[in-house]
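Student: Structure file entry-v1.cif (mmCIF, C-alpha atoms) right here:
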data_input
loop_
_atom_site.group_PDB
_atom_site.id
_atom_site.type_symbol
_atom_site.label_atom_id
_atom_site.label_comp_id
_atom_site.auth_asym_id
_atom_site.auth_seq_id
_atom_site.Cartn_x
_atom_site.Cartn_y
_atom_site.Cartn_z
ATOM 1 C CA MET A 114 0.000 0.000 0.000
ATOM 2 C CA SER A 115 1.125 3.522 -0.762
ATOM 3 C CA THR A 116 2.489 5.539 2.154
ATOM 4 C CA ARG A 117 1.798 8.864 0.460
ATOM 5 C CA VAL A 118 -0.595 11.283 2.137
ATOM 6 C CA LEU A 119 -2.085 14.311 0.364
ATOM 7 C CA VAL A 120 -1.796 17.291 2.741
ATOM 8 C CA THR A 121 -3.970 20.200 1.678
ATOM 9 C CA GLY A 122 -2.719 23.416 3.194
ATOM 10 C CA GLY A 123 0.610 21.726 3.908
ATOM 11 C CA ALA A 124 2.529 24.972 3.353
ATOM 12 C CA GLY A 125 0.821 26.591 6.327
ATOM 13 C CA TYR A 126 1.495 26.652 10.057
ATOM 14 C CA ILE A 127 -0.237 23.485 11.232
ATOM 15 C CA GLY A 128 -0.045 21.671 7.890
ATOM 16 C CA SER A 129 3.737 21.969 7.707
ATOM 17 C CA HIS A 130 4.134 20.545 11.199
ATOM 18 C CA ALA A 131 1.852 17.678 10.192
ATOM 19 C CA CYS A 132 4.066 17.021 7.158
ATOM 20 C CA LYS A 133 7.095 16.722 9.414
ATOM 21 C CA ALA A 134 5.238 14.387 11.771
ATOM 22 C CA LEU A 135 4.144 12.241 8.815
ATOM 23 C CA ALA A 136 7.687 12.031 7.450
ATOM 24 C CA ASP A 137 9.054 11.119 10.878
ATOM 25 C CA ALA A 138 6.460 8.318 11.073
ATOM 26 C CA GLY A 139 7.453 6.859 7.692
ATOM 27 C CA TYR A 140 4.809 8.459 5.470
ATOM 28 C CA GLU A 141 5.397 10.574 2.361
ATOM 29 C CA PRO A 142 3.535 13.887 2.595
ATOM 30 C CA VAL A 143 2.508 15.592 -0.647
ATOM 31 C CA THR A 144 1.621 19.240 -0.051
ATOM 32 C CA TYR A 145 -1.251 20.699 -2.058
ATOM 33 C CA ASP A 146 -1.599 24.433 -1.382
ATOM 34 C CA ASN A 147 -2.839 27.473 -3.302
ATOM 35 C CA MET A 148 -0.124 29.535 -1.547
ATOM 36 C CA VAL A 149 -2.542 32.320 -0.607
ATOM 37 C CA ASN A 150 -1.458 31.894 3.011
ATOM 38 C CA GLY A 151 1.182 29.213 2.495
ATOM 39 C CA HIS A 152 4.966 29.575 2.539
ATOM 40 C CA GLU A 153 7.261 27.601 0.257
ATOM 41 C CA GLU A 154 10.010 27.700 2.892
ATOM 42 C CA LEU A 155 7.835 25.547 5.168
ATOM 43 C CA VAL A 156 7.577 22.718 2.610
ATOM 44 C CA LYS A 157 10.569 20.555 3.536
ATOM 45 C CA TRP A 158 9.352 16.973 3.869
ATOM 46 C CA GLY A 159 7.905 16.201 0.444
ATOM 47 C CA PRO A 160 6.866 17.728 -2.871
ATOM 48 C CA LEU A 161 4.758 20.876 -3.270
ATOM 49 C CA GLU A 162 1.945 21.006 -5.785
ATOM 50 C CA VAL A 163 0.254 24.379 -6.213
ATOM 51 C CA GLY A 164 -3.500 24.255 -6.632
ATOM 52 C CA ASP A 165 -6.821 25.239 -5.101
ATOM 53 C CA ILE A 166 -9.204 22.791 -3.452
ATOM 54 C CA LEU A 167 -12.034 24.323 -5.500
ATOM 55 C CA ASP A 168 -10.229 23.127 -8.653
ATOM 56 C CA GLY A 169 -11.405 19.522 -8.881
ATOM 57 C CA GLU A 170 -9.508 18.769 -12.066
ATOM 58 C CA ARG A 171 -6.206 19.980 -10.606
ATOM 59 C CA LEU A 172 -6.844 17.905 -7.490
ATOM 60 C CA LYS A 173 -7.421 14.780 -9.546
ATOM 61 C CA GLU A 174 -4.315 15.498 -11.625
ATOM 62 C CA VAL A 175 -2.177 15.633 -8.473
ATOM 63 C CA ILE A 176 -3.837 12.518 -7.044
ATOM 64 C CA ASP A 177 -3.124 10.644 -10.289
ATOM 65 C CA LYS A 178 0.520 11.792 -10.172
ATOM 66 C CA TYR A 179 1.263 10.668 -6.609
ATOM 67 C CA ASP A 180 -1.386 8.035 -5.828
ATOM 68 C CA PRO A 181 -1.862 8.952 -2.129
ATOM 69 C CA TYR A 182 -3.880 6.567 -0.004
ATOM 70 C CA ALA A 183 -5.141 9.170 2.500
ATOM 71 C CA CYS A 184 -5.605 12.911 2.939
ATOM 72 C CA MET A 185 -5.050 15.416 5.739
ATOM 73 C CA HIS A 186 -7.088 18.538 5.116
ATOM 74 C CA PHE A 187 -5.852 21.871 6.511
ATOM 75 C CA ALA A 188 -6.758 24.194 3.624
ATOM 76 C CA ALA A 189 -9.227 26.575 5.279
ATOM 77 C CA PHE A 190 -9.638 30.219 6.114
ATOM 78 C CA ALA A 191 -9.627 30.599 9.887
ATOM 79 C CA LEU A 192 -10.061 34.216 10.992
ATOM 80 C CA VAL A 193 -13.202 34.571 13.082
ATOM 81 C CA GLY A 194 -13.596 38.320 12.567
ATOM 82 C CA GLU A 195 -13.087 38.056 8.822
ATOM 83 C CA SER A 196 -15.668 35.267 8.653
ATOM 84 C CA VAL A 197 -18.248 37.632 10.157
ATOM 85 C CA GLU A 198 -17.346 40.398 7.698
ATOM 86 C CA ASP A 199 -17.107 38.156 4.625
ATOM 87 C CA PRO A 200 -19.005 34.895 5.224
ATOM 88 C CA ALA A 201 -19.177 34.154 1.480
ATOM 89 C CA LYS A 202 -15.395 33.720 1.389
ATOM 90 C CA TYR A 203 -15.586 31.202 4.223
ATOM 91 C CA TYR A 204 -18.507 29.151 2.942
ATOM 92 C CA ARG A 205 -16.993 29.082 -0.550
ATOM 93 C CA ASN A 206 -13.608 27.773 0.559
ATOM 94 C CA ASN A 207 -14.282 25.898 3.787
ATOM 95 C CA VAL A 208 -17.509 24.220 2.675
ATOM 96 C CA LEU A 209 -17.633 24.178 -1.133
ATOM 97 C CA GLY A 210 -13.877 23.708 -1.372
ATOM 98 C CA THR A 211 -13.917 20.807 1.065
ATOM 99 C CA ILE A 212 -16.789 19.152 -0.790
ATOM 100 C CA SER A 213 -14.782 19.579 -4.013
ATOM 101 C CA LEU A 214 -11.904 17.789 -2.283
ATOM 102 C CA LEU A 215 -14.147 15.014 -1.014
ATOM 103 C CA GLU A 216 -15.553 14.459 -4.496
ATOM 104 C CA ALA A 217 -12.048 14.165 -5.958
ATOM 105 C CA LEU A 218 -10.998 11.738 -3.226
ATOM 106 C CA ARG A 219 -14.132 9.643 -3.738
ATOM 107 C CA GLU A 220 -13.660 9.500 -7.516
ATOM 108 C CA LYS A 221 -10.078 8.312 -7.013
ATOM 109 C CA GLY A 222 -10.971 5.721 -4.385
ATOM 110 C CA ILE A 223 -9.327 7.430 -1.390
ATOM 111 C CA ASN A 224 -11.367 6.714 1.738
ATOM 112 C CA ARG A 225 -9.290 8.081 4.635
ATOM 113 C CA LEU A 226 -9.407 11.726 5.729
ATOM 114 C CA ILE A 227 -8.127 13.624 8.758
ATOM 115 C CA PHE A 228 -10.057 16.889 9.010
ATOM 116 C CA SER A 229 -8.828 20.074 10.660
ATOM 117 C CA SER A 230 -11.811 21.153 12.743
ATOM 118 C CA SER A 231 -12.012 23.652 15.593
ATOM 119 C CA ALA A 232 -13.276 24.297 19.100
ATOM 120 C CA ALA A 233 -15.257 27.065 17.390
ATOM 121 C CA VAL A 234 -17.924 24.420 16.682
ATOM 122 C CA TYR A 235 -18.943 24.658 20.362
ATOM 123 C CA GLY A 236 -19.661 28.381 20.505
ATOM 124 C CA ASN A 237 -20.211 29.570 24.065
ATOM 125 C CA PRO A 238 -19.722 26.424 26.171
ATOM 126 C CA VAL A 239 -22.142 25.417 28.896
ATOM 127 C CA LYS A 240 -19.595 23.081 30.505
ATOM 128 C CA ILE A 241 -15.883 23.530 31.300
ATOM 129 C CA PRO A 242 -13.717 21.642 30.461
ATOM 130 C CA ILE A 243 -15.523 21.005 27.184
ATOM 131 C CA PRO A 244 -16.184 17.304 26.464
ATOM 132 C CA ASP A 245 -16.308 15.801 22.960
ATOM 133 C CA ASP A 246 -20.074 15.305 23.230
ATOM 134 C CA HIS A 247 -20.776 18.940 24.153
ATOM 135 C CA PRO A 248 -23.576 20.467 21.999
ATOM 136 C CA LEU A 249 -22.335 22.139 18.824
ATOM 137 C CA SER A 250 -23.554 25.735 18.633
ATOM 138 C CA PRO A 251 -21.082 27.942 16.751
ATOM 139 C CA VAL A 252 -21.461 31.701 17.073
ATOM 140 C CA ASN A 253 -19.624 32.793 13.910
ATOM 141 C CA PRO A 254 -19.462 31.722 10.258
ATOM 142 C CA TYR A 255 -16.005 30.172 10.656
ATOM 143 C CA GLY A 256 -17.235 27.832 13.382
ATOM 144 C CA GLU A 257 -20.354 27.093 11.374
ATOM 145 C CA THR A 258 -18.299 26.023 8.337
ATOM 146 C CA LYS A 259 -16.472 23.511 10.516
ATOM 147 C CA ARG A 260 -19.714 22.228 12.054
ATOM 148 C CA VAL A 261 -21.262 21.825 8.598
ATOM 149 C CA MET A 262 -18.275 19.894 7.308
ATOM 150 C CA GLU A 263 -18.290 17.533 10.275
ATOM 151 C CA SER A 264 -21.903 16.724 9.335
ATOM 152 C CA VAL A 265 -20.918 16.266 5.690
ATOM 153 C CA LEU A 266 -18.153 13.854 6.716
ATOM 154 C CA ARG A 267 -20.604 11.763 8.718
ATOM 155 C CA ASP A 268 -22.950 11.636 5.724
ATOM 156 C CA PHE A 269 -20.108 10.725 3.347
ATOM 157 C CA GLY A 270 -19.099 8.005 5.771
ATOM 158 C CA ALA A 271 -22.581 6.533 5.835
ATOM 159 C CA ALA A 272 -23.175 6.787 2.099
ATOM 160 C CA TYR A 273 -19.739 6.264 0.543
ATOM 161 C CA GLY A 274 -17.632 4.536 3.183
ATOM 162 C CA LEU A 275 -15.347 7.510 3.855
ATOM 163 C CA LYS A 276 -13.435 6.995 7.108
ATOM 164 C CA SER A 277 -12.596 10.274 8.803
ATOM 165 C CA ALA A 278 -11.444 11.848 12.038
ATOM 166 C CA SER A 279 -12.254 15.476 12.831
ATOM 167 C CA LEU A 280 -9.805 17.039 15.277
ATOM 168 C CA ARG A 281 -11.274 19.999 17.135
ATOM 169 C CA TYR A 282 -8.294 22.213 17.905
ATOM 170 C CA PHE A 283 -8.225 24.616 20.762
ATOM 171 C CA ASN A 284 -5.387 27.205 20.546
ATOM 172 C CA ALA A 285 -2.497 25.858 18.477
ATOM 173 C CA ALA A 286 0.716 27.544 19.575
ATOM 174 C CA GLY A 287 4.478 27.219 19.673
ATOM 175 C CA ALA A 288 6.805 26.055 16.929
ATOM 176 C CA ASP A 289 8.812 23.024 15.895
ATOM 177 C CA PRO A 290 11.364 22.304 18.665
ATOM 178 C CA ASP A 291 14.046 21.926 15.962
ATOM 179 C CA GLY A 292 13.178 25.321 14.512
ATOM 180 C CA GLU A 293 12.148 23.934 11.125
ATOM 181 C CA SER A 294 8.631 25.409 11.084
ATOM 182 C CA GLY A 295 6.532 27.951 12.928
ATOM 183 C CA GLU A 296 3.961 30.704 12.591
ATOM 184 C CA LEU A 297 4.285 33.025 9.575
ATOM 185 C CA HIS A 298 0.840 34.592 9.462
ATOM 186 C CA HIS A 299 0.353 37.897 7.658
ATOM 187 C CA PRO A 300 -1.372 39.652 9.283
ATOM 188 C CA GLU A 301 -0.751 37.950 12.619
ATOM 189 C CA THR A 302 -3.795 37.503 14.848
ATOM 190 C CA HIS A 303 -2.708 34.931 17.459
ATOM 191 C CA LEU A 304 -1.863 36.117 20.950
ATOM 192 C CA ILE A 305 1.541 34.489 21.503
ATOM 193 C CA PRO A 306 3.228 35.700 18.282
ATOM 194 C CA LEU A 307 1.682 39.152 18.778
ATOM 195 C CA VAL A 308 3.153 39.282 22.274
ATOM 196 C CA LEU A 309 6.525 38.210 20.883
ATOM 197 C CA GLU A 310 6.364 41.025 18.324
ATOM 198 C CA VAL A 311 6.060 43.452 21.237
ATOM 199 C CA ALA A 312 9.022 41.805 22.960
ATOM 200 C CA ALA A 313 11.042 42.230 19.762
ATOM 201 C CA GLY A 314 10.141 45.896 19.464
ATOM 202 C CA LYS A 315 7.989 45.406 16.358
ATOM 203 C CA ARG A 316 4.872 46.554 18.220
ATOM 204 C CA GLU A 317 4.609 49.163 20.955
ATOM 205 C CA TYR A 318 2.228 47.197 23.157
ATOM 206 C CA ILE A 319 -0.239 44.331 23.269
ATOM 207 C CA THR A 320 -3.931 45.073 23.672
ATOM 208 C CA VAL A 321 -5.736 42.998 26.277
ATOM 209 C CA PHE A 322 -9.350 42.724 25.207
ATOM 210 C CA GLY A 323 -11.218 42.973 28.498
ATOM 211 C CA ASP A 324 -10.003 42.586 32.075
ATOM 212 C CA ASP A 325 -13.386 42.179 33.756
ATOM 213 C CA TYR A 326 -14.235 38.572 32.912
ATOM 214 C CA ASP A 327 -15.250 36.093 35.598
ATOM 215 C CA THR A 328 -11.784 34.531 35.694
ATOM 216 C CA PRO A 329 -9.014 34.628 38.341
ATOM 217 C CA ASP A 330 -7.316 37.716 36.868
ATOM 218 C CA GLY A 331 -10.201 39.104 34.809
ATOM 219 C CA THR A 332 -8.780 38.153 31.405
ATOM 220 C CA CYS A 333 -9.860 35.380 29.039
ATOM 221 C CA VAL A 334 -8.527 31.881 29.676
ATOM 222 C CA ARG A 335 -7.573 29.669 26.746
ATOM 223 C CA ASP A 336 -6.173 26.188 26.188
ATOM 224 C CA TYR A 337 -2.858 26.405 24.293
ATOM 225 C CA ILE A 338 -1.723 23.187 22.638
ATOM 226 C CA HIS A 339 1.779 22.862 21.224
ATOM 227 C CA VAL A 340 1.614 22.531 17.451
ATOM 228 C CA THR A 341 3.995 19.534 17.510
ATOM 229 C CA ASP A 342 1.673 17.698 19.902
ATOM 230 C CA LEU A 343 -1.189 18.603 17.624
ATOM 231 C CA ALA A 344 0.629 17.224 14.575
ATOM 232 C CA ASP A 345 1.351 13.978 16.428
ATOM 233 C CA ALA A 346 -2.375 13.576 17.067
ATOM 234 C CA HIS A 347 -3.022 13.724 13.322
ATOM 235 C CA VAL A 348 -0.632 10.865 12.647
ATOM 236 C CA ARG A 349 -2.186 8.801 15.450
ATOM 237 C CA ALA A 350 -5.662 9.484 14.057
ATOM 238 C CA LEU A 351 -4.536 8.308 10.610
ATOM 239 C CA GLU A 352 -3.069 5.153 12.099
ATOM 240 C CA ARG A 353 -6.399 4.494 13.802
ATOM 241 C CA LEU A 354 -8.215 4.855 10.471
ATOM 242 C CA ASP A 355 -5.747 2.364 8.995
ATOM 243 C CA GLU A 356 -6.828 -0.045 11.712
ATOM 244 C CA GLY A 357 -10.438 0.280 10.583
ATOM 245 C CA ASN A 358 -11.859 3.064 12.736
ATOM 246 C CA VAL A 359 -14.726 4.965 11.130
ATOM 247 C CA THR A 360 -16.008 8.546 11.332
ATOM 248 C CA THR A 361 -15.366 10.234 14.649
ATOM 249 C CA ALA A 362 -14.351 13.570 16.216
ATOM 250 C CA TYR A 363 -11.888 14.358 18.992
ATOM 251 C CA ASN A 364 -11.108 17.367 21.128
ATOM 252 C CA LEU A 365 -7.479 18.360 20.874
ATOM 253 C CA GLY A 366 -6.205 20.579 23.643
ATOM 254 C CA ASN A 367 -3.628 20.760 26.385
ATOM 255 C CA GLY A 368 -6.272 20.459 29.099
ATOM 256 C CA ASN A 369 -4.834 23.463 30.951
ATOM 257 C CA GLY A 370 -6.135 27.004 30.820
ATOM 258 C CA PHE A 371 -3.856 30.039 30.715
ATOM 259 C CA SER A 372 -5.106 33.624 30.937
ATOM 260 C CA VAL A 373 -4.018 36.444 28.642
ATOM 261 C CA LEU A 374 -2.055 38.026 31.482
ATOM 262 C CA GLU A 375 -0.369 34.703 32.268
ATOM 263 C CA VAL A 376 0.727 34.424 28.635
ATOM 264 C CA ILE A 377 2.157 37.939 28.709
ATOM 265 C CA GLU A 378 3.981 37.432 32.005
ATOM 266 C CA THR A 379 5.428 34.114 30.829
ATOM 267 C CA ALA A 380 6.593 35.765 27.590
ATOM 268 C CA ARG A 381 8.354 38.446 29.645
ATOM 269 C CA LYS A 382 10.176 35.696 31.524
ATOM 270 C CA VAL A 383 11.140 33.758 28.382
ATOM 271 C CA THR A 384 12.262 36.745 26.306
ATOM 272 C CA GLY A 385 13.712 38.925 29.037
ATOM 273 C CA HIS A 386 11.938 41.921 27.518
ATOM 274 C CA PRO A 387 9.297 44.219 28.959
ATOM 275 C CA ILE A 388 5.968 43.793 27.191
ATOM 276 C CA PRO A 389 3.774 46.873 27.663
ATOM 277 C CA THR A 390 0.022 46.261 27.698
ATOM 278 C CA GLU A 391 -3.056 48.332 27.029
ATOM 279 C CA ILE A 392 -6.505 47.341 28.244
ATOM 280 C CA GLY A 393 -9.127 47.492 25.527
ATOM 281 C CA PRO A 394 -12.840 46.677 25.425
ATOM 282 C CA ARG A 395 -14.066 43.111 25.261
ATOM 283 C CA ARG A 396 -14.365 41.584 21.821
ATOM 284 C CA ALA A 397 -17.812 40.405 20.879
ATOM 285 C CA GLY A 398 -18.194 36.630 21.104
ATOM 286 C CA ASP A 399 -15.170 35.967 23.335
ATOM 287 C CA PRO A 400 -16.164 33.386 25.981
ATOM 288 C CA PRO A 401 -14.418 33.838 29.346
ATOM 289 C CA VAL A 402 -12.964 30.303 29.405
ATOM 290 C CA LEU A 403 -12.262 27.683 26.725
ATOM 291 C CA VAL A 404 -10.498 24.557 27.978
ATOM 292 C CA ALA A 405 -10.627 21.110 26.408
ATOM 293 C CA ASP A 406 -11.407 17.753 27.901
ATOM 294 C CA SER A 407 -9.166 15.635 25.659
ATOM 295 C CA GLY A 408 -9.615 12.440 27.624
ATOM 296 C CA ARG A 409 -11.086 10.424 24.768
ATOM 297 C CA ILE A 410 -8.241 10.971 22.302
ATOM 298 C CA LYS A 411 -5.774 10.067 25.046
ATOM 299 C CA GLU A 412 -7.664 6.888 25.870
ATOM 300 C CA GLU A 413 -8.417 5.743 22.325
ATOM 301 C CA LEU A 414 -5.268 6.872 20.484
ATOM 302 C CA GLY A 415 -2.716 6.915 23.287
ATOM 303 C CA TRP A 416 -2.006 10.577 22.557
ATOM 304 C CA VAL A 417 -0.196 12.637 25.179
ATOM 305 C CA SER A 418 0.683 16.319 25.372
ATOM 306 C CA VAL A 419 4.495 16.260 25.501
ATOM 307 C CA TYR A 420 5.002 20.045 25.510
ATOM 308 C CA SER A 421 2.311 21.063 27.972
ATOM 309 C CA GLU A 422 4.170 23.817 29.835
ATOM 310 C CA LEU A 423 3.309 27.340 28.698
ATOM 311 C CA GLU A 424 6.934 28.414 29.121
ATOM 312 C CA THR A 425 8.078 25.682 26.724
ATOM 313 C CA ILE A 426 5.424 26.595 24.156
ATOM 314 C CA ILE A 427 6.472 30.257 24.210
ATOM 315 C CA GLU A 428 10.185 29.406 24.218
ATOM 316 C CA HIS A 429 9.839 27.338 21.039
ATOM 317 C CA ALA A 430 7.812 30.111 19.390
ATOM 318 C CA TRP A 431 10.427 32.694 20.434
ATOM 319 C CA ASN A 432 13.271 30.574 19.042
ATOM 320 C CA PHE A 433 11.553 30.353 15.656
ATOM 321 C CA PHE A 434 10.670 34.051 15.748
ATOM 322 C CA ARG A 435 14.365 34.912 16.189
ATOM 323 C CA ARG A 436 15.657 32.485 13.553
ATOM 324 C CA ASP A 437 16.973 35.245 11.235
ATOM 325 C CA TRP A 438 18.500 37.425 13.976
#
Here is the file; what I need is its structure written in the form of structure tokens.
Tutor:
Amino acid sequence: MSTRVLVTGGAGYIGSHACKALADAGYEPVTYDNMVNGHEELVKWGPLEVGDILDGERLKEVIDKYDPYACMHFAAFALVGESVEDPAKYYRNNVLGTISLLEALREKGINRLIFSSSAAVYGNPVKIPIPDDHPLSPVNPYGETKRVMESVLRDFGAAYGLKSASLRYFNAAGADPDGESGELHHPETHLIPLVLEVAAGKREYITVFGDDYDTPDGTCVRDYIHVTDLADAHVRALERLDEGNVTTAYNLGNGNGFSVLEVIETARKVTGHPIPTEIGPRRAGDPPVLVADSGRIKEELGWVSVYSELETIIEHAWNFFRRDW
């Protein structure tokens, strides 16, 4: 059997880490990316094929060329605010594009898919930590596109025999411990790299959106999972599909919550730089606390969070951030 895996969005932050994890596990990742948000310098563990997931003919051409036996799908737009302002962009790519991909895979007889989902499918949680069987009630178009596609995957499984695992990420963070990949978002929207930009003098301060939440220090609490741990979970999920597992979904988080102020203070410690802050108003739709219960993926796949310490996560991100200094 082929060991090649088609990795859509493999030139991006999480996709590139998944490609490394696949290569380390003996697979051959083939990156398929339209390069809108991808970076050629992050494609190091297999070939790069440029194409859009909405282009079914290009997809089938690449599948014919490499004959992959499975697919990991990361090619999605993922900015919550942008999804509210331009939902058409998100439904076109994240829903129609994914269906285009599924049709190409089905036509070519590929029946294994690991899907990049999100904790955004839960919306405002009614239980913390959030279990896998928590009701799905997204509060923005981005989360809704992920919820819709999880439903589509279940239907494709029932009708066409597609085996899939949807991994609901919480806050992916950090960088490859060897410094071979990391975050290169433009513009950057994630807290840790924004804080590091302040430490490096590229921003004057970091805005804290609300300090009056019902949390220990008044700022939002989030579950930061190291991107290398996240990539490892994708390989384990693929191995489980190889063993015959069918459609399922898993939470993927560290299981620990860190507040915005804790992130900033830890970044000060790691970088040795002062990081000025400014308190701003709350952002609409920001729940006070989002922390994962990842017990099921640990039990069923044997997955563990190796880099669970916030200091380690920020240190790895800082090392990648300074790679050209």
Student: What lies within 8 Å of stretch 163-180 of chain A using all atoms listed in the file, ignoring chain neighbours under 6 positions off, as a ChimeraX atom specification?
Tutor: /A:115,117,119,121,143,145-148,188,206,209-211,213-214,216-218,221
Student: Atom CA of A:Val373 to atom CA of A:Pro306: how many Å, to one decimal?
Tutor: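 Computed distance, atom CA of A:Val373 to atom CA of A:Pro306, equals 12.7 Å.
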Student: Given the file above and the PyMOL selection byres ((chain A and resi 360) around 6), which residues are selected, and can you give them as number ranges by chain?
Tutor: A: 276-278, 359, 361
Student: Name all residues at most 12 Å from A:Leu155 (count all atoms listed in the file; drop same-chain ones fewer than 2 positions away) and give them as a ChimeraX atom specification.
Tutor: /A:122-133,144,146,148,150-153,157-161,288-289,292-297
Student: List as a ChimeraX atom specification the protein and nucleic acid residues near stretch 338-347 of chain A, meaning an atom at most 10 Å away when only C-alpha atoms are counted, but skip any in the same chain fewer than 5 places from it.
Tutor: /A:126-135,137-138,185,227-229,278-280,282-290,294-296,352-353,363,365-369,405,410-411,414-423,425-427,429-430
